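To keep things clear, I will list the structure first and then write my remarks on it.
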Amino acid sequence: MKKFTRAIAAGLAAMTLISGASLYADAGSYYRYGDVNNDGLINISDCTIVNSAISKFSSLTGDSNLPVEYAVARPAVYFPDVDTPVPQAADTNQDGYINQQDADDIMSYYAKSGAGVLDQYTGNCGVYFYVP
Ligand SMILES: [Ca+2]
Ligand SMILES: [Ca+2]
């Protein structure tokens, strides 16, 4: 038990070091897949935001696969009602496109989270990633 506690303490210390380092480097930030509006929650709002970004791109191009770099380059076009959007967080399966699969993935995470069966969720929602 003592060993276990020590391992946790070491882990926490390491995490503190990592977050401290990124703070001083002032390079970028950590975000979570699925939390597109960056409010700390992954819920129906994020799903709605993703769906409206896809629909916007589709109305402009006829294509329902919004490339992440387009969304990053023009957040005001694809996320007009979101103060601090994180477009990269919308591509939950990390295939380079924001599309229905990602919206469904966010819904799946949200539903499983609400039902208390998050252990059955197998996607990337909730996983931290770094934006330089
Ligand atoms: Ca959110
Ligand atoms: Ca995707």
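Labeling convention for the structure tokens: chains A, B, ... as they appear, residues from 1 per chain, ligands from 1 in order of appearance.
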What are the DSSP strand (DSSP E or B) residues of chain A, as number ranges by chain?
A: 29-32, 66-67, 97-98, 128-131
Considering only helix (DSSP H, G or I) as DSSP defines it on the backbone, what residues of chain A qualify? List them as a PyMOL selection string.
chain A and resi 2-25+44-61+68-73+75-78+87-90+100-114+118-120
Give the residues close to ligand 1, within 12 Å, counting only C-alpha atoms and all ligand atoms; write them as a CSV table (one decimal) with N, CA and C atoms, in the first residue's frame.
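Result file is out.csv:
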```
chain,number,residue,atom,x,y,z
A,31,TYR,N,-5.9,20.6,-24.3
A,31,TYR,CA,-7.3,20.6,-24.4
A,31,TYR,C,-7.8,19.1,-24.4
A,32,ARG,N,-9.1,18.9,-24.3
A,32,ARG,CA,-9.6,17.6,-24.3
A,32,ARG,C,-10.5,17.3,-25.6
A,33,TYR,N,-10.3,16.2,-26.2
A,33,TYR,CA,-11.1,15.8,-27.4
A,33,TYR,C,-12.6,15.8,-26.9
A,34,GLY,N,-13.4,16.4,-27.7
A,34,GLY,CA,-14.8,16.5,-27.5
A,34,GLY,C,-15.3,17.8,-26.8
A,35,ASP,N,-14.4,18.5,-26.1
A,35,ASP,CA,-14.8,19.7,-25.5
A,35,ASP,C,-14.5,20.9,-26.5
A,36,VAL,N,-15.3,21.0,-27.4
A,36,VAL,CA,-15.1,21.9,-28.6
A,36,VAL,C,-15.2,23.4,-28.1
A,37,ASN,N,-16.1,23.7,-27.2
A,37,ASN,CA,-16.2,25.1,-26.7
A,37,ASN,C,-15.3,25.3,-25.5
A,38,ASN,N,-14.5,24.3,-25.1
A,38,ASN,CA,-13.5,24.5,-24.0
A,38,ASN,C,-14.1,25.1,-22.7
A,39,ASP,N,-15.3,24.5,-22.3
A,39,ASP,CA,-15.9,24.9,-21.1
A,39,ASP,C,-15.7,23.9,-20.0
A,40,GLY,N,-14.9,22.9,-20.3
A,40,GLY,CA,-14.6,21.8,-19.3
A,40,GLY,C,-15.6,20.7,-19.3
A,41,LEU,N,-16.6,20.8,-20.1
A,41,LEU,CA,-17.6,19.7,-20.2
A,41,LEU,C,-17.7,19.2,-21.6
A,42,ILE,N,-18.0,17.9,-21.7
A,42,ILE,CA,-18.2,17.3,-23.0
A,42,ILE,C,-19.7,16.9,-23.0
A,43,ASN,N,-20.5,17.7,-23.7
A,43,ASN,CA,-21.9,17.4,-23.7
A,43,ASN,C,-22.6,17.8,-25.0
A,44,ILE,N,-23.9,17.9,-24.9
A,44,ILE,CA,-24.8,18.2,-26.0
A,44,ILE,C,-24.4,19.5,-26.8
A,45,SER,N,-23.9,20.5,-26.0
A,45,SER,CA,-23.5,21.7,-26.6
A,45,SER,C,-22.4,21.5,-27.6
A,46,ASP,N,-21.4,20.7,-27.2
A,46,ASP,CA,-20.3,20.4,-28.1
A,46,ASP,C,-20.8,19.7,-29.4
A,47,CYS,N,-21.7,18.8,-29.2
A,47,CYS,CA,-22.2,18.0,-30.3
A,47,CYS,C,-23.0,19.0,-31.3
A,48,THR,N,-23.7,19.9,-30.7
A,48,THR,CA,-24.5,20.9,-31.5
A,48,THR,C,-23.5,21.8,-32.3
A,49,ILE,N,-22.4,22.2,-31.6
A,49,ILE,CA,-21.4,23.0,-32.3
A,49,ILE,C,-20.7,22.3,-33.4
A,50,VAL,N,-20.4,21.0,-33.2
A,50,VAL,CA,-19.8,20.2,-34.3
A,50,VAL,C,-20.8,20.1,-35.5
A,82,VAL,N,-19.3,30.6,-30.6
A,82,VAL,CA,-18.4,30.1,-29.6
A,82,VAL,C,-17.3,31.1,-29.3
A,83,ASP,N,-17.1,31.5,-28.0
A,83,ASP,CA,-16.1,32.4,-27.7
A,83,ASP,C,-14.7,31.9,-27.9
A,84,THR,N,-14.4,30.7,-27.3
A,84,THR,CA,-13.1,30.1,-27.4
A,84,THR,C,-13.1,28.7,-28.0
A,85,PRO,N,-13.5,28.6,-29.3
A,85,PRO,CA,-13.5,27.3,-29.8
A,85,PRO,C,-12.2,26.6,-30.0
A,86,VAL,N,-12.2,25.3,-29.8
A,86,VAL,CA,-11.0,24.5,-30.1
A,86,VAL,C,-11.3,23.5,-31.2
A,87,PRO,N,-11.1,23.9,-32.4
A,87,PRO,CA,-11.5,23.1,-33.6
A,87,PRO,C,-10.9,21.7,-33.6
A,89,ALA,N,-10.4,19.9,-31.1
A,89,ALA,CA,-11.1,19.0,-30.2
A,89,ALA,C,-12.3,18.4,-30.8
A,90,ALA,N,-12.7,18.9,-32.0
A,90,ALA,CA,-13.9,18.4,-32.7
A,90,ALA,C,-13.5,17.1,-33.5
A,106,ILE,N,-19.0,12.1,-29.9
A,106,ILE,CA,-19.3,13.0,-28.8
A,106,ILE,C,-20.6,12.6,-28.1
A,107,MET,N,-21.6,12.4,-28.9
A,107,MET,CA,-22.9,11.9,-28.4
A,107,MET,C,-22.8,10.7,-27.6
A,110,TYR,N,-21.1,11.4,-24.3
A,110,TYR,CA,-22.1,12.1,-23.4
A,110,TYR,C,-23.1,11.1,-22.9
A,125,CYS,N,-12.8,10.9,-26.7
A,125,CYS,CA,-13.4,12.0,-26.0
A,125,CYS,C,-12.9,12.0,-24.5
A,126,GLY,N,-12.5,13.1,-24.0
A,126,GLY,CA,-12.0,13.2,-22.7
A,126,GLY,C,-10.5,13.1,-22.6
```
Within 9 Å of ligand 2, which residues of chain A come that close, and what is the closest atom pair and distance in Å for each? Count only C-alpha atoms and all ligand atoms and give it as CSV.
```
residue,atom,partner,partner_atom_place_in_ligand_line,distance
A:Asn65,CA,ligand 2,1 (Ca),8.2
A:Leu66,CA,ligand 2,1 (Ca),8.7
A:Pro67,CA,ligand 2,1 (Ca),8.6
A:Val68,CA,ligand 2,1 (Ca),8.2
A:Ala90,CA,ligand 2,1 (Ca),7.2
A:Asp91,CA,ligand 2,1 (Ca),4.0
A:Thr92,CA,ligand 2,1 (Ca),5.6
A:Asn93,CA,ligand 2,1 (Ca),4.7
A:Gln94,CA,ligand 2,1 (Ca),5.2
A:Asp95,CA,ligand 2,1 (Ca),4.7
A:Gly96,CA,ligand 2,1 (Ca),5.7
A:Tyr97,CA,ligand 2,1 (Ca),4.4
A:Ile98,CA,ligand 2,1 (Ca),4.5
A:Asn99,CA,ligand 2,1 (Ca),5.8
A:Gln100,CA,ligand 2,1 (Ca),8.0
A:Gln101,CA,ligand 2,1 (Ca),6.4
A:Asp102,CA,ligand 2,1 (Ca),5.2
A:Ala103,CA,ligand 2,1 (Ca),8.6
```
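Of the residues under consideration (A:Ile54, A:Pro80, A:Gly62, A:Tyr30), A:Tyr30 shows the shortest atom-to-atom contact distance to Val127 in chain A when counting only C-alpha atoms.
For the pair CA of Asp63 in chain A and CA of Asn124 in chain A, the interatomic distance is 24.2 Å.
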Work out how far apart CA of Arg74 in chain A and CA of Tyr128 in chain A are and give it in Å to one decimal.
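Taking CA of Arg74 in chain A and CA of Tyr128 in chain A, their separation equals 22.8 Å.
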Would you mind reading off the distance between CA of Phe129 in chain A and CA of Ala27 in chain A, one decimal, in Å?
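One can read the CA of Phe129 in chain A to CA of Ala27 in chain A distance as 13.5 Å.
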